[in-house]
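Below is coords.tsv, holding TSV, C-alpha atoms.
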```tsv
chain	number	residue	atom	x	y	z
A	1	MET	CA	26.95	-28.45	-26.50
A	2	ILE	CA	24.15	-26.02	-25.76
A	3	ARG	CA	24.78	-23.69	-22.87
A	4	ARG	CA	21.99	-23.78	-20.30
A	5	PRO	CA	20.27	-20.48	-19.52
A	6	THR	CA	20.87	-19.18	-16.01
A	7	LEU	CA	18.68	-17.70	-13.30
A	8	GLU	CA	20.06	-15.70	-10.39
A	9	PHE	CA	18.53	-16.64	-7.04
A	10	TRP	CA	18.96	-13.84	-4.48
A	11	TYR	CA	18.06	-14.92	-0.95
A	12	GLU	CA	18.31	-13.70	2.64
A	13	PHE	CA	18.59	-16.28	5.41
A	14	ALA	CA	16.08	-14.43	7.62
A	15	SER	CA	13.44	-14.51	4.88
A	16	THR	CA	10.66	-17.03	5.43
A	17	TYR	CA	9.61	-17.24	1.78
A	18	SER	CA	13.25	-17.70	0.74
A	19	TYR	CA	13.17	-20.89	2.85
A	20	LEU	CA	10.30	-22.26	0.73
A	21	THR	CA	12.21	-21.43	-2.45
A	22	ALA	CA	15.61	-22.72	-1.35
A	23	MET	CA	14.20	-26.15	-0.52
A	24	ARG	CA	12.63	-26.66	-3.94
A	25	ILE	CA	14.50	-24.51	-6.45
A	26	GLU	CA	17.09	-27.10	-7.48
A	27	GLN	CA	14.54	-29.64	-8.66
A	28	ALA	CA	12.41	-26.96	-10.32
A	29	ALA	CA	15.46	-25.54	-12.14
A	30	GLU	CA	16.54	-29.02	-13.25
A	31	GLU	CA	13.08	-29.65	-14.71
A	32	ALA	CA	13.16	-26.29	-16.49
A	33	GLY	CA	16.67	-26.90	-17.84
A	34	VAL	CA	17.98	-23.78	-16.08
A	35	GLU	CA	21.31	-23.30	-14.31
A	36	LEU	CA	21.16	-21.52	-10.94
A	37	VAL	CA	23.41	-18.72	-9.71
A	38	TRP	CA	23.13	-18.56	-5.92
A	39	ARG	CA	23.27	-15.07	-4.44
A	40	PRO	CA	23.13	-14.95	-0.61
A	41	PHE	CA	22.75	-11.34	0.55
A	42	LEU	CA	21.46	-9.19	3.42
A	43	LEU	CA	18.14	-7.38	3.37
A	44	GLY	CA	18.95	-5.38	6.52
A	45	PRO	CA	20.95	-2.62	4.76
A	46	ILE	CA	18.21	-2.28	2.11
A	47	PHE	CA	15.48	-2.11	4.77
A	48	LYS	CA	17.51	0.57	6.59
A	49	THR	CA	17.43	2.85	3.55
A	50	GLN	CA	13.62	2.50	3.67
A	51	GLY	CA	13.64	3.59	7.31
A	52	TRP	CA	13.01	0.09	8.71
A	53	ASP	CA	15.08	-1.25	11.60
A	54	THR	CA	13.53	-4.73	11.57
A	55	SER	CA	11.41	-6.99	9.37
A	56	PRO	CA	8.27	-5.38	7.90
A	57	PHE	CA	6.46	-8.40	9.35
A	58	ASN	CA	7.33	-7.04	12.81
A	59	LEU	CA	6.70	-3.40	11.92
A	60	TYR	CA	3.23	-4.17	10.51
A	61	PRO	CA	1.65	-6.71	12.90
A	62	SER	CA	-1.42	-7.55	10.74
A	63	LYS	CA	0.87	-8.37	7.85
A	64	GLY	CA	3.13	-10.37	10.16
A	65	ARG	CA	0.28	-12.45	11.59
A	66	TYR	CA	-0.96	-13.19	8.10
A	67	MET	CA	2.53	-14.10	6.86
A	68	TRP	CA	3.00	-16.74	9.56
A	69	ARG	CA	-0.40	-18.27	8.82
A	70	ASP	CA	0.32	-18.21	5.08
A	71	MET	CA	3.71	-19.83	5.77
A	72	GLU	CA	1.96	-22.61	7.74
A	73	ARG	CA	-0.25	-23.36	4.74
A	74	GLU	CA	2.62	-23.09	2.25
A	75	ALA	CA	4.89	-25.32	4.34
A	76	VAL	CA	2.20	-28.02	4.33
A	77	ARG	CA	1.81	-27.59	0.57
A	78	PHE	CA	5.55	-28.07	-0.01
A	79	GLY	CA	5.95	-30.82	2.61
A	80	LEU	CA	8.19	-28.77	4.90
A	81	SER	CA	8.13	-28.35	8.67
A	82	LEU	CA	7.89	-24.83	10.07
A	83	PHE	CA	9.09	-23.21	13.27
A	84	LYS	CA	9.26	-19.53	14.09
A	85	PRO	CA	12.83	-18.84	15.22
A	86	ASN	CA	13.37	-16.70	18.30
A	87	PRO	CA	14.21	-13.91	17.78
A	88	PHE	CA	12.66	-13.24	14.41
A	89	PRO	CA	14.28	-12.07	12.24
A	90	GLN	CA	17.55	-13.82	12.98
A	91	ASN	CA	20.88	-12.07	12.59
A	92	THR	CA	22.11	-13.68	9.38
A	93	LEU	CA	25.46	-11.96	8.88
A	94	LEU	CA	27.63	-15.00	9.66
A	95	ALA	CA	25.45	-17.39	7.65
A	96	ALA	CA	25.51	-15.08	4.62
A	97	ARG	CA	29.29	-14.68	4.79
A	98	VAL	CA	29.80	-18.44	4.99
A	99	ALA	CA	27.32	-19.11	2.16
A	100	LEU	CA	29.14	-16.57	0.00
A	101	LEU	CA	32.49	-18.26	0.66
A	102	GLY	CA	31.10	-21.56	-0.58
A	103	LEU	CA	30.22	-20.23	-4.03
A	104	ASP	CA	33.60	-20.98	-5.62
A	105	ARG	CA	33.78	-24.31	-3.78
A	106	GLY	CA	30.44	-25.76	-4.75
A	107	TRP	CA	28.90	-26.24	-1.30
A	108	THR	CA	26.70	-23.12	-1.12
A	109	PRO	CA	23.48	-24.97	-2.09
A	110	VAL	CA	23.82	-27.73	0.55
A	111	PHE	CA	24.96	-25.26	3.19
A	112	THR	CA	22.04	-22.95	2.36
A	113	LYS	CA	19.47	-25.72	2.68
A	114	ALA	CA	21.01	-26.90	5.96
A	115	VAL	CA	20.85	-23.38	7.42
A	116	TYR	CA	17.21	-22.88	6.38
A	117	THR	CA	16.28	-26.30	7.78
A	118	ALA	CA	17.94	-25.50	11.11
A	119	GLU	CA	16.28	-22.08	11.26
A	120	PHE	CA	12.72	-22.61	9.99
A	121	GLY	CA	12.47	-26.42	9.99
A	122	GLU	CA	13.78	-26.82	13.53
A	123	GLY	CA	13.53	-23.34	15.05
A	124	ARG	CA	17.24	-23.13	15.90
A	125	ASP	CA	19.21	-19.90	16.36
A	126	ILE	CA	21.40	-19.52	13.27
A	127	SER	CA	23.04	-16.38	14.64
A	128	ASP	CA	24.82	-18.75	17.05
A	129	PRO	CA	28.28	-19.56	15.61
A	130	GLN	CA	28.03	-23.02	17.20
A	131	VAL	CA	24.98	-23.80	15.07
A	132	ILE	CA	26.80	-22.71	11.91
A	133	SER	CA	29.85	-24.74	12.96
A	134	GLY	CA	27.67	-27.80	13.51
A	135	ILE	CA	26.24	-27.43	10.02
A	136	LEU	CA	29.72	-27.07	8.48
A	137	SER	CA	30.97	-30.17	10.35
A	138	GLY	CA	27.95	-32.09	9.09
A	139	LEU	CA	29.00	-31.21	5.54
A	140	GLY	CA	32.53	-32.50	6.16
A	141	LEU	CA	34.04	-29.01	6.25
A	142	ASP	CA	36.38	-27.59	8.88
A	143	PRO	CA	34.28	-25.13	10.90
A	144	GLU	CA	37.24	-23.12	12.23
A	145	ASP	CA	38.93	-22.69	8.86
A	146	VAL	CA	35.74	-21.86	7.02
A	147	THR	CA	34.47	-19.43	9.65
A	148	ALA	CA	37.82	-17.64	9.82
A	149	GLU	CA	37.95	-17.25	6.05
A	150	ALA	CA	34.30	-16.18	5.93
A	151	GLN	CA	35.17	-13.37	8.37
A	152	SER	CA	38.22	-12.24	6.40
A	153	ASP	CA	38.27	-8.71	5.03
A	154	THR	CA	38.19	-10.03	1.46
A	155	ASN	CA	35.01	-12.00	2.04
A	156	LYS	CA	33.36	-9.24	4.10
A	157	THR	CA	34.02	-6.80	1.28
A	158	ARG	CA	32.63	-9.25	-1.25
A	159	LEU	CA	29.36	-9.47	0.68
A	160	ARG	CA	29.13	-5.68	0.95
A	161	ARG	CA	29.60	-5.42	-2.82
A	162	LEU	CA	26.92	-8.02	-3.43
A	163	ASN	CA	24.54	-6.05	-1.21
A	164	ASP	CA	25.34	-2.85	-3.10
A	165	GLU	CA	24.66	-4.70	-6.34
A	166	ALA	CA	21.29	-5.96	-5.03
A	167	GLN	CA	20.28	-2.46	-4.06
A	168	SER	CA	21.40	-0.89	-7.33
A	169	ARG	CA	19.49	-3.52	-9.30
A	170	GLY	CA	16.27	-2.73	-7.46
A	171	VAL	CA	16.06	-5.66	-5.05
A	172	PHE	CA	13.67	-4.79	-2.21
A	173	GLY	CA	12.81	-8.23	-0.79
A	174	ALA	CA	13.62	-11.92	-0.98
A	175	PRO	CA	13.63	-14.23	-2.76
A	176	THR	CA	14.36	-12.27	-5.94
A	177	PHE	CA	15.23	-13.79	-9.31
A	178	PHE	CA	16.92	-12.31	-12.37
A	179	ALA	CA	16.92	-13.84	-15.82
A	180	GLU	CA	19.88	-13.17	-18.11
A	181	ASP	CA	18.09	-10.29	-19.84
A	182	GLY	CA	17.68	-8.58	-16.45
A	183	GLU	CA	14.01	-9.48	-16.03
A	184	MET	CA	13.25	-9.48	-12.30
A	185	PHE	CA	10.81	-11.64	-10.35
A	186	TRP	CA	10.06	-11.36	-6.64
A	187	GLY	CA	8.72	-13.98	-4.27
A	188	ASN	CA	8.44	-17.74	-3.96
A	189	ASP	CA	5.14	-17.43	-5.84
A	190	ARG	CA	7.05	-16.31	-8.94
A	191	LEU	CA	9.65	-19.10	-9.05
A	192	GLU	CA	7.95	-21.06	-11.84
A	193	GLN	CA	7.39	-17.91	-13.89
A	194	ALA	CA	11.04	-16.85	-13.44
A	195	LEU	CA	12.32	-20.26	-14.55
A	196	GLY	CA	9.94	-20.24	-17.49
A	197	TRP	CA	11.12	-16.77	-18.52
A	198	ALA	CA	14.78	-17.80	-18.25
A	199	ALA	CA	14.21	-20.93	-20.36
A	200	THR	CA	12.05	-19.22	-23.01
A	201	GLN	CA	14.37	-16.27	-23.35
A	202	ALA	CA	17.29	-18.63	-23.98
A	203	ARG	CA	15.36	-20.46	-26.72
A	204	ARG	CA	14.54	-17.12	-28.35
A	205	SER	CA	18.19	-16.13	-28.50
A	206	GLU	CA	19.32	-19.38	-30.14
A	207	VAL	CA	20.40	-18.40	-33.64
A	208	PRO	CA	20.22	-21.22	-36.21
A	209	LEU	CA	23.57	-21.65	-38.02
B	1	MET	CA	-30.77	-28.17	-2.05
B	2	ILE	CA	-27.20	-27.83	-0.90
B	3	ARG	CA	-26.14	-24.35	0.11
B	4	ARG	CA	-23.04	-23.17	-1.72
B	5	PRO	CA	-20.06	-22.17	0.42
B	6	THR	CA	-19.17	-18.48	0.32
B	7	LEU	CA	-15.97	-16.51	-0.05
B	8	GLU	CA	-15.68	-12.83	0.88
B	9	PHE	CA	-13.81	-10.75	-1.70
B	10	TRP	CA	-12.48	-7.52	-0.17
B	11	TYR	CA	-11.16	-5.09	-2.77
B	12	GLU	CA	-10.00	-1.48	-3.09
B	13	PHE	CA	-10.52	0.31	-6.41
B	14	ALA	CA	-7.02	1.82	-6.30
B	15	SER	CA	-5.40	-1.61	-5.95
B	16	THR	CA	-3.75	-2.92	-9.10
B	17	TYR	CA	-3.83	-6.57	-8.09
B	18	SER	CA	-7.52	-6.26	-7.14
B	19	TYR	CA	-8.10	-5.36	-10.81
B	20	LEU	CA	-6.64	-8.71	-11.89
B	21	THR	CA	-8.84	-10.53	-9.39
B	22	ALA	CA	-12.07	-8.65	-10.08
B	23	MET	CA	-11.90	-9.45	-13.78
B	24	ARG	CA	-11.58	-13.21	-13.27
B	25	ILE	CA	-13.08	-14.07	-9.89
B	26	GLU	CA	-16.64	-14.75	-11.06
B	27	GLN	CA	-15.64	-17.48	-13.48
B	28	ALA	CA	-13.16	-18.98	-11.01
B	29	ALA	CA	-15.79	-19.00	-8.23
B	30	GLU	CA	-18.36	-20.58	-10.55
B	31	GLU	CA	-15.90	-23.36	-11.41
B	32	ALA	CA	-15.16	-23.91	-7.71
B	33	GLY	CA	-18.86	-23.93	-6.80
B	34	VAL	CA	-18.39	-20.99	-4.45
B	35	GLU	CA	-20.70	-18.01	-3.88
B	36	LEU	CA	-19.03	-14.60	-3.73
B	37	VAL	CA	-19.63	-11.86	-1.17
B	38	TRP	CA	-18.34	-8.58	-2.65
B	39	ARG	CA	-16.75	-6.21	-0.15
B	40	PRO	CA	-15.60	-2.86	-1.62
B	41	PHE	CA	-13.58	-0.96	0.99
B	42	LEU	CA	-10.89	1.70	1.37
B	43	LEU	CA	-7.25	0.93	2.12
B	44	GLY	CA	-6.39	4.58	2.82
B	45	PRO	CA	-7.58	4.60	6.46
B	46	ILE	CA	-5.70	1.34	7.13
B	47	PHE	CA	-2.53	2.68	5.50
B	48	LYS	CA	-2.84	5.84	7.63
B	49	THR	CA	-2.69	3.80	10.86
B	50	GLN	CA	0.59	2.37	9.52
B	51	GLY	CA	1.94	5.88	9.00
B	52	TRP	CA	1.51	5.85	5.21
B	53	ASP	CA	-0.09	8.78	3.39
B	54	THR	CA	-0.03	7.15	-0.05
B	55	SER	CA	0.41	3.74	-1.69
B	56	PRO	CA	3.44	1.74	-0.49
B	57	PHE	CA	4.27	1.45	-4.19
B	58	ASN	CA	4.90	5.21	-4.19
B	59	LEU	CA	6.62	5.25	-0.79
B	60	TYR	CA	9.05	2.48	-1.79
B	61	PRO	CA	10.12	3.23	-5.40
B	62	SER	CA	11.97	-0.07	-6.05
B	63	LYS	CA	8.87	-1.99	-5.01
B	64	GLY	CA	6.69	0.30	-7.11
B	65	ARG	CA	8.82	-0.12	-10.25
B	66	TYR	CA	8.72	-3.88	-9.81
B	67	MET	CA	4.95	-3.91	-9.22
B	68	TRP	CA	4.24	-2.11	-12.51
B	69	ARG	CA	6.48	-4.51	-14.41
B	70	ASP	CA	4.90	-7.50	-12.66
B	71	MET	CA	1.44	-6.09	-13.49
B	72	GLU	CA	2.45	-5.83	-17.18
B	73	ARG	CA	3.36	-9.51	-17.19
B	74	GLU	CA	0.27	-10.53	-15.22
B	75	ALA	CA	-2.06	-8.48	-17.42
B	76	VAL	CA	-0.70	-10.31	-20.48
B	77	ARG	CA	-1.17	-13.62	-18.69
B	78	PHE	CA	-4.82	-12.85	-17.91
B	79	GLY	CA	-5.53	-11.22	-21.27
B	80	LEU	CA	-6.16	-7.74	-19.84
B	81	SER	CA	-4.98	-4.35	-20.99
B	82	LEU	CA	-3.06	-2.18	-18.54
B	83	PHE	CA	-2.69	1.56	-18.11
B	84	LYS	CA	-1.23	3.43	-15.16
B	85	PRO	CA	-3.85	5.97	-14.07
B	86	ASN	CA	-2.72	9.50	-13.31
B	87	PRO	CA	-2.53	10.18	-10.44
B	88	PHE	CA	-1.77	6.83	-8.89
B	89	PRO	CA	-3.33	5.87	-6.55
B	90	GLN	CA	-6.70	7.25	-7.55
B	91	ASN	CA	-9.10	8.69	-5.01
B	92	THR	CA	-11.64	5.86	-4.80
B	93	LEU	CA	-14.08	7.21	-2.21
B	94	LEU	CA	-16.96	7.82	-4.63
B	95	ALA	CA	-16.46	4.54	-6.49
B	96	ALA	CA	-16.41	2.58	-3.23
B	97	ARG	CA	-19.58	4.28	-1.96
B	98	VAL	CA	-21.40	3.55	-5.21
B	99	ALA	CA	-20.20	-0.07	-5.29
B	100	LEU	CA	-21.40	-0.53	-1.73
B	101	LEU	CA	-24.83	0.83	-2.60
B	102	GLY	CA	-25.18	-1.75	-5.35
B	103	LEU	CA	-24.78	-4.72	-3.01
B	104	ASP	CA	-28.48	-5.08	-2.16
B	105	ARG	CA	-29.43	-4.35	-5.77
B	106	GLY	CA	-27.26	-6.89	-7.52
B	107	TRP	CA	-25.20	-4.58	-9.75
B	108	THR	CA	-22.01	-4.34	-7.64
B	109	PRO	CA	-20.09	-6.96	-9.71
B	110	VAL	CA	-20.78	-5.33	-13.11
B	111	PHE	CA	-20.16	-1.84	-11.71
B	112	THR	CA	-16.91	-3.02	-10.12
B	113	LYS	CA	-15.60	-4.53	-13.34
B	114	ALA	CA	-16.57	-1.41	-15.30
B	115	VAL	CA	-14.70	0.84	-12.83
B	116	TYR	CA	-11.56	-1.32	-12.92
B	117	THR	CA	-11.67	-1.44	-16.73
B	118	ALA	CA	-11.98	2.36	-16.94
B	119	GLU	CA	-9.15	2.86	-14.44
B	120	PHE	CA	-6.55	0.24	-15.31
B	121	GLY	CA	-7.76	-0.99	-18.70
B	122	GLU	CA	-8.17	2.52	-20.16
B	123	GLY	CA	-6.24	4.77	-17.76
B	124	ARG	CA	-9.22	6.99	-16.98
B	125	ASP	CA	-9.62	9.07	-13.82
B	126	ILE	CA	-12.22	7.32	-11.68
B	127	SER	CA	-12.12	10.06	-9.03
B	128	ASP	CA	-13.99	12.17	-11.63
B	129	PRO	CA	-17.75	11.98	-10.88
B	130	GLN	CA	-18.43	12.26	-14.62
B	131	VAL	CA	-16.56	9.01	-15.23
B	132	ILE	CA	-18.58	7.24	-12.52
B	133	SER	CA	-21.79	8.74	-13.93
B	134	GLY	CA	-20.90	7.51	-17.40
B	135	ILE	CA	-20.38	4.00	-16.04
B	136	LEU	CA	-23.72	4.08	-14.22
B	137	SER	CA	-25.52	5.28	-17.35
B	138	GLY	CA	-23.92	2.48	-19.30
B	139	LEU	CA	-25.41	0.01	-16.82
B	140	GLY	CA	-28.87	1.53	-17.29
B	141	LEU	CA	-28.88	3.19	-13.87
B	142	ASP	CA	-29.74	6.81	-13.10
B	143	PRO	CA	-26.41	8.51	-12.29
B	144	GLU	CA	-27.94	11.37	-10.29
B	145	ASP	CA	-30.14	9.17	-8.12
B	146	VAL	CA	-27.46	6.59	-7.49
B	147	THR	CA	-24.73	9.14	-6.74
B	148	ALA	CA	-26.99	11.07	-4.37
B	149	GLU	CA	-27.92	7.92	-2.48
B	150	ALA	CA	-24.29	6.74	-2.44
B	151	GLN	CA	-23.36	10.04	-0.73
B	152	SER	CA	-26.15	9.78	1.84
B	153	ASP	CA	-25.22	9.63	5.51
B	154	THR	CA	-26.56	6.09	5.76
B	155	ASN	CA	-24.33	4.83	2.98
B	156	LYS	CA	-21.29	6.81	4.15
B	157	THR	CA	-21.68	5.29	7.60
B	158	ARG	CA	-22.03	1.82	6.10
B	159	LEU	CA	-18.71	2.22	4.28
B	160	ARG	CA	-16.99	3.46	7.44
B	161	ARG	CA	-18.29	0.40	9.32
B	162	LEU	CA	-17.04	-1.90	6.57
B	163	ASN	CA	-13.61	-0.27	6.79
B	164	ASP	CA	-13.59	-0.70	10.57
B	165	GLU	CA	-14.52	-4.35	10.09
B	166	ALA	CA	-11.69	-4.83	7.58
B	167	GLN	CA	-9.19	-3.34	9.99
B	168	SER	CA	-10.43	-5.34	12.99
B	169	ARG	CA	-10.25	-8.57	10.97
B	170	GLY	CA	-6.61	-7.93	10.10
B	171	VAL	CA	-6.93	-6.75	6.50
B	172	PHE	CA	-3.74	-4.90	5.48
B	173	GLY	CA	-3.92	-5.00	1.69
B	174	ALA	CA	-6.07	-5.95	-1.27
B	175	PRO	CA	-7.43	-8.15	-2.58
B	176	THR	CA	-8.15	-10.11	0.61
B	177	PHE	CA	-10.38	-13.17	0.85
B	178	PHE	CA	-12.11	-14.77	3.85
B	179	ALA	CA	-13.60	-18.26	3.89
B	180	GLU	CA	-16.55	-18.95	6.17
B	181	ASP	CA	-14.31	-20.31	8.94
B	182	GLY	CA	-12.41	-16.99	8.96
B	183	GLU	CA	-9.38	-18.27	7.05
B	184	MET	CA	-7.75	-15.29	5.35
B	185	PHE	CA	-5.90	-15.13	2.03
B	186	TRP	CA	-4.16	-12.09	0.58
B	187	GLY	CA	-3.38	-11.28	-3.02
B	188	ASN	CA	-4.48	-12.20	-6.51
B	189	ASP	CA	-1.90	-15.02	-6.34
B	190	ARG	CA	-3.98	-16.69	-3.60
B	191	LEU	CA	-7.38	-16.62	-5.34
B	192	GLU	CA	-7.34	-20.29	-6.38
B	193	GLN	CA	-6.16	-21.38	-2.92
B	194	ALA	CA	-8.88	-19.29	-1.22
B	195	LEU	CA	-11.61	-20.77	-3.45
B	196	GLY	CA	-10.25	-24.26	-2.85
B	197	TRP	CA	-10.24	-23.69	0.90
B	198	ALA	CA	-13.81	-22.37	0.85
B	199	ALA	CA	-15.04	-25.35	-1.18
B	200	THR	CA	-13.15	-27.99	0.82
B	201	GLN	CA	-14.17	-26.57	4.15
B	202	ALA	CA	-17.82	-26.69	3.10
B	203	ARG	CA	-17.50	-30.35	2.09
B	204	ARG	CA	-15.89	-31.13	5.46
B	205	SER	CA	-18.79	-29.60	7.34
B	206	GLU	CA	-21.45	-31.58	5.45
B	207	VAL	CA	-22.90	-34.01	7.98
B	208	PRO	CA	-24.41	-37.16	6.45
B	209	LEU	CA	-28.00	-37.65	7.63
```

Please render this file's structure as structure tokens.
Amino acid sequence: MIRRPTLEFWYEFASTYSYLTAMRIEQAAEEAGVELVWRPFLLGPIFKTQGWDTSPFNLYPSKGRYMWRDMEREAVRFGLSLFKPNPFPQNTLLAARVALLGLDRGWTPVFTKAVYTAEFGEGRDISDPQVISGILSGLGLDPEDVTAEAQSDTNKTRLRRLNDEAQSRGVFGAPTFFAEDGEMFWGNDRLEQALGWAATQARRSEVPL
Amino acid sequence: MIRRPTLEFWYEFASTYSYLTAMRIEQAAEEAGVELVWRPFLLGPIFKTQGWDTSPFNLYPSKGRYMWRDMEREAVRFGLSLFKPNPFPQNTLLAARVALLGLDRGWTPVFTKAVYTAEFGEGRDISDPQVISGILSGLGLDPEDVTAEAQSDTNKTRLRRLNDEAQSRGVFGAPTFFAEDGEMFWGNDRLEQALGWAATQARRSEVPL
């Protein structure tokens, strides 16, 4: 059996362009024959080291206005609805911790898509624990158990380590992709290129017996 | 005769992604049936209002490292060579003034491509008046005459007005495109979309007699 090449998908729940990617990456990866490694993380700590206390789209209003217009066009292109959550950016600490917990249990992808849909497809406040609980219930999970475990010291530490890893590997925005050889791609616009790189690189490294 | 729809192409000579666009936009516009309006401008004054005294790719090293790697990949994709000019970003005041002067005389596109090729295709210092003079000579223009007129008060004022216009229309980076209805697109990645918008919008506004 041939092992499928992998692509790491690093995403932040507050990131608008990560929403576009999350909703379409599974099908695109399937078509490319690439296995996904989901990596929910927080951009806040990385932005802080750059001297930013909020999203650059708030700090630089021209860029922010353009981003929302571009998102409107892109959402139409990908067949997605779009709402601007209030406040923007949302506090995504709880959502990221829960998403991280799901990695070993297989439900991170469905949870991730449900959170993005609530946030940018419906304009709901995902910093509200009730919203996260509602999503977990909808997936047949126990909201109290999952939330408690997501807030455990073990899981909190795991998220901090993932954030440190993101920073040390040069992540500065989301979505970010890494192929197995460490090649990095940034932005929803680079998804196809990242998948193509991951697939091609794997073919290159196949040694005929 | 049907008037062709237009697309404004705002570019800064120090901008790496504007290089990618400048070298391919004429053919792409021809294929889309769109007329180009070339708009050389300076990002420096806009960056200053955001508190930046150099390129964001220098201010944010992770982003800068990624950009150069992304440019390597993109240059291969578009069949262009790539050098990092020293210093980066280049001082582009003279080049922008000369490019602006060429607008009414028809040589702005060839001059623009020659400057980008010298800067990013060969790694030459385009802040050096000798380099600009060499380019002008190569185009059969008189370097002394053109440079003197480019540095005239009239032309300097024209460039300042163009920069003010860019800022007031929400330009925050380069390349930036505007369709006739004011729709704005940012980045080499959006060139095809911008041309498509310009062409489609023109078809929509055709009123059958």

Using all atoms listed in the file, find the residues of chain A whose closest atom to chain B is at most 8 Å away, then write them as a PDB file with C-alpha atoms, in the frame of the given file.
```pdb
ATOM      1  CA  GLN A  50      13.620   2.500   3.670  1.00  0.00           C
ATOM      2  CA  TYR A  60       3.230  -4.170  10.510  1.00  0.00           C
ATOM      3  CA  SER A  62      -1.420  -7.550  10.740  1.00  0.00           C
ATOM      4  CA  LYS A  63       0.870  -8.370   7.850  1.00  0.00           C
ATOM      5  CA  TYR A  66      -0.960 -13.190   8.100  1.00  0.00           C
ATOM      6  CA  ASP A  70       0.320 -18.210   5.080  1.00  0.00           C
ATOM      7  CA  GLY A 170      16.270  -2.730  -7.460  1.00  0.00           C
ATOM      8  CA  VAL A 171      16.060  -5.660  -5.050  1.00  0.00           C
ATOM      9  CA  PHE A 172      13.670  -4.790  -2.210  1.00  0.00           C
ATOM     10  CA  MET A 184      13.250  -9.480 -12.300  1.00  0.00           C
ATOM     11  CA  PHE A 185      10.810 -11.640 -10.350  1.00  0.00           C
ATOM     12  CA  ASP A 189       5.140 -17.430  -5.840  1.00  0.00           C
TER      13      ASP A 189
END
```

Kindly compute an axis-aligned box around the listed atoms of range 94-102 of chain A, allowing 4 Å on each side, and express its centre and edge lengths in Å to one decimal as lines of an AutoDock Vina configuration file.
```
center_x = 29.0
center_y = -18.1
center_z = 4.5
size_x = 15.0
size_y = 14.9
size_z = 18.2
```

- Message: List the spatial neighbours of Gln151 in chain A as an MDAnalysis selection string - criterion: any atom at most 12 Å away, all atoms listed in the file, same-chain residues fewer than 4 positions off excluded.
- Response: chainID A and resid 93:101 129 144:147 155:159

Would you mind exporting C-alpha atoms of the selected residues as a PDB file, in the frame of the given file?
```pdb
ATOM      1  CA  LEU A  93      25.460 -11.960   8.880  1.00  0.00           C
ATOM      2  CA  LEU A  94      27.630 -15.000   9.660  1.00  0.00           C
ATOM      3  CA  ALA A  95      25.450 -17.390   7.650  1.00  0.00           C
ATOM      4  CA  ALA A  96      25.510 -15.080   4.620  1.00  0.00           C
ATOM      5  CA  ARG A  97      29.290 -14.680   4.790  1.00  0.00           C
ATOM      6  CA  VAL A  98      29.800 -18.440   4.990  1.00  0.00           C
ATOM      7  CA  ALA A  99      27.320 -19.110   2.160  1.00  0.00           C
ATOM      8  CA  LEU A 100      29.140 -16.570   0.000  1.00  0.00           C
ATOM      9  CA  LEU A 101      32.490 -18.260   0.660  1.00  0.00           C
ATOM     10  CA  PRO A 129      28.280 -19.560  15.610  1.00  0.00           C
ATOM     11  CA  GLU A 144      37.240 -23.120  12.230  1.00  0.00           C
ATOM     12  CA  ASP A 145      38.930 -22.690   8.860  1.00  0.00           C
ATOM     13  CA  VAL A 146      35.740 -21.860   7.020  1.00  0.00           C
ATOM     14  CA  THR A 147      34.470 -19.430   9.650  1.00  0.00           C
ATOM     15  CA  ASN A 155      35.010 -12.000   2.040  1.00  0.00           C
ATOM     16  CA  LYS A 156      33.360  -9.240   4.100  1.00  0.00           C
ATOM     17  CA  THR A 157      34.020  -6.800   1.280  1.00  0.00           C
ATOM     18  CA  ARG A 158      32.630  -9.250  -1.250  1.00  0.00           C
ATOM     19  CA  LEU A 159      29.360  -9.470   0.680  1.00  0.00           C
TER      20      LEU A 159
END
```

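Of note, CA of Asp181 in chain B and CA of Leu36 in chain B are spaced 14.7 Å apart.
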
- Measure the distance from CA of Tyr19 in chain B to CA of Phe47 in chain B in Å and round it to one decimal. 19.0 Å

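CA of Leu141 in chain B sits 11.9 Å away from CA of Thr108 in chain B.
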
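Counting only C-alpha atoms, the residue from B:Pro175, B:Gln90, B:Phe111, B:Glu35 that sits nearest to Gly187 in chain B is B:Pro175.
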
- Leu103 in chain A surroundings by all atoms listed in the file, 10 Å radius, close-in-sequence under 5 positions cut, as number ranges by chain: A: 37-40, 98, 108-109

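When all atoms listed in the file are used to compute distances to Phe41 in chain A, the closest of the residues A:Thr54, A:Ser152, A:Thr117, A:Ser18 turns out to be A:Ser18.
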
Taking (11.0, -18.5, 8.1) as a centre in this file's frame and 8 Å as the limit, can you find every polymer residue with an atom that close, using only C-alpha atoms, and give them as a short mmCIF file (atom, residue, chain, number, x, y, z; two decimals) with C-alpha atoms, keeping the file's coordinate frame?
```
data_model
loop_
_atom_site.label_atom_id
_atom_site.label_comp_id
_atom_site.auth_asym_id
_atom_site.auth_seq_id
_atom_site.Cartn_x
_atom_site.Cartn_y
_atom_site.Cartn_z
CA ALA A 14 16.08 -14.43 7.62
CA SER A 15 13.44 -14.51 4.88
CA THR A 16 10.66 -17.03 5.43
CA TYR A 17 9.61 -17.24 1.78
CA SER A 18 13.25 -17.70 0.74
CA TYR A 19 13.17 -20.89 2.85
CA MET A 71 3.71 -19.83 5.77
CA LEU A 82 7.89 -24.83 10.07
CA PHE A 83 9.09 -23.21 13.27
CA LYS A 84 9.26 -19.53 14.09
CA PRO A 85 12.83 -18.84 15.22
CA TYR A 116 17.21 -22.88 6.38
CA GLU A 119 16.28 -22.08 11.26
CA PHE A 120 12.72 -22.61 9.99
#
```

- Go ahead and find all residues with at least one atom no further than 12 Å from (-14.7, -26.1, -10.6) in the file's coordinates, using only C-alpha atoms; report them as a list of chain:residue names. B:Glu26, B:Gln27, B:Ala28, B:Ala29, B:Glu30, B:Glu31, B:Ala32, B:Gly33, B:Val34, B:Glu192, B:Leu195, B:Gly196, B:Ala199, B:Thr200
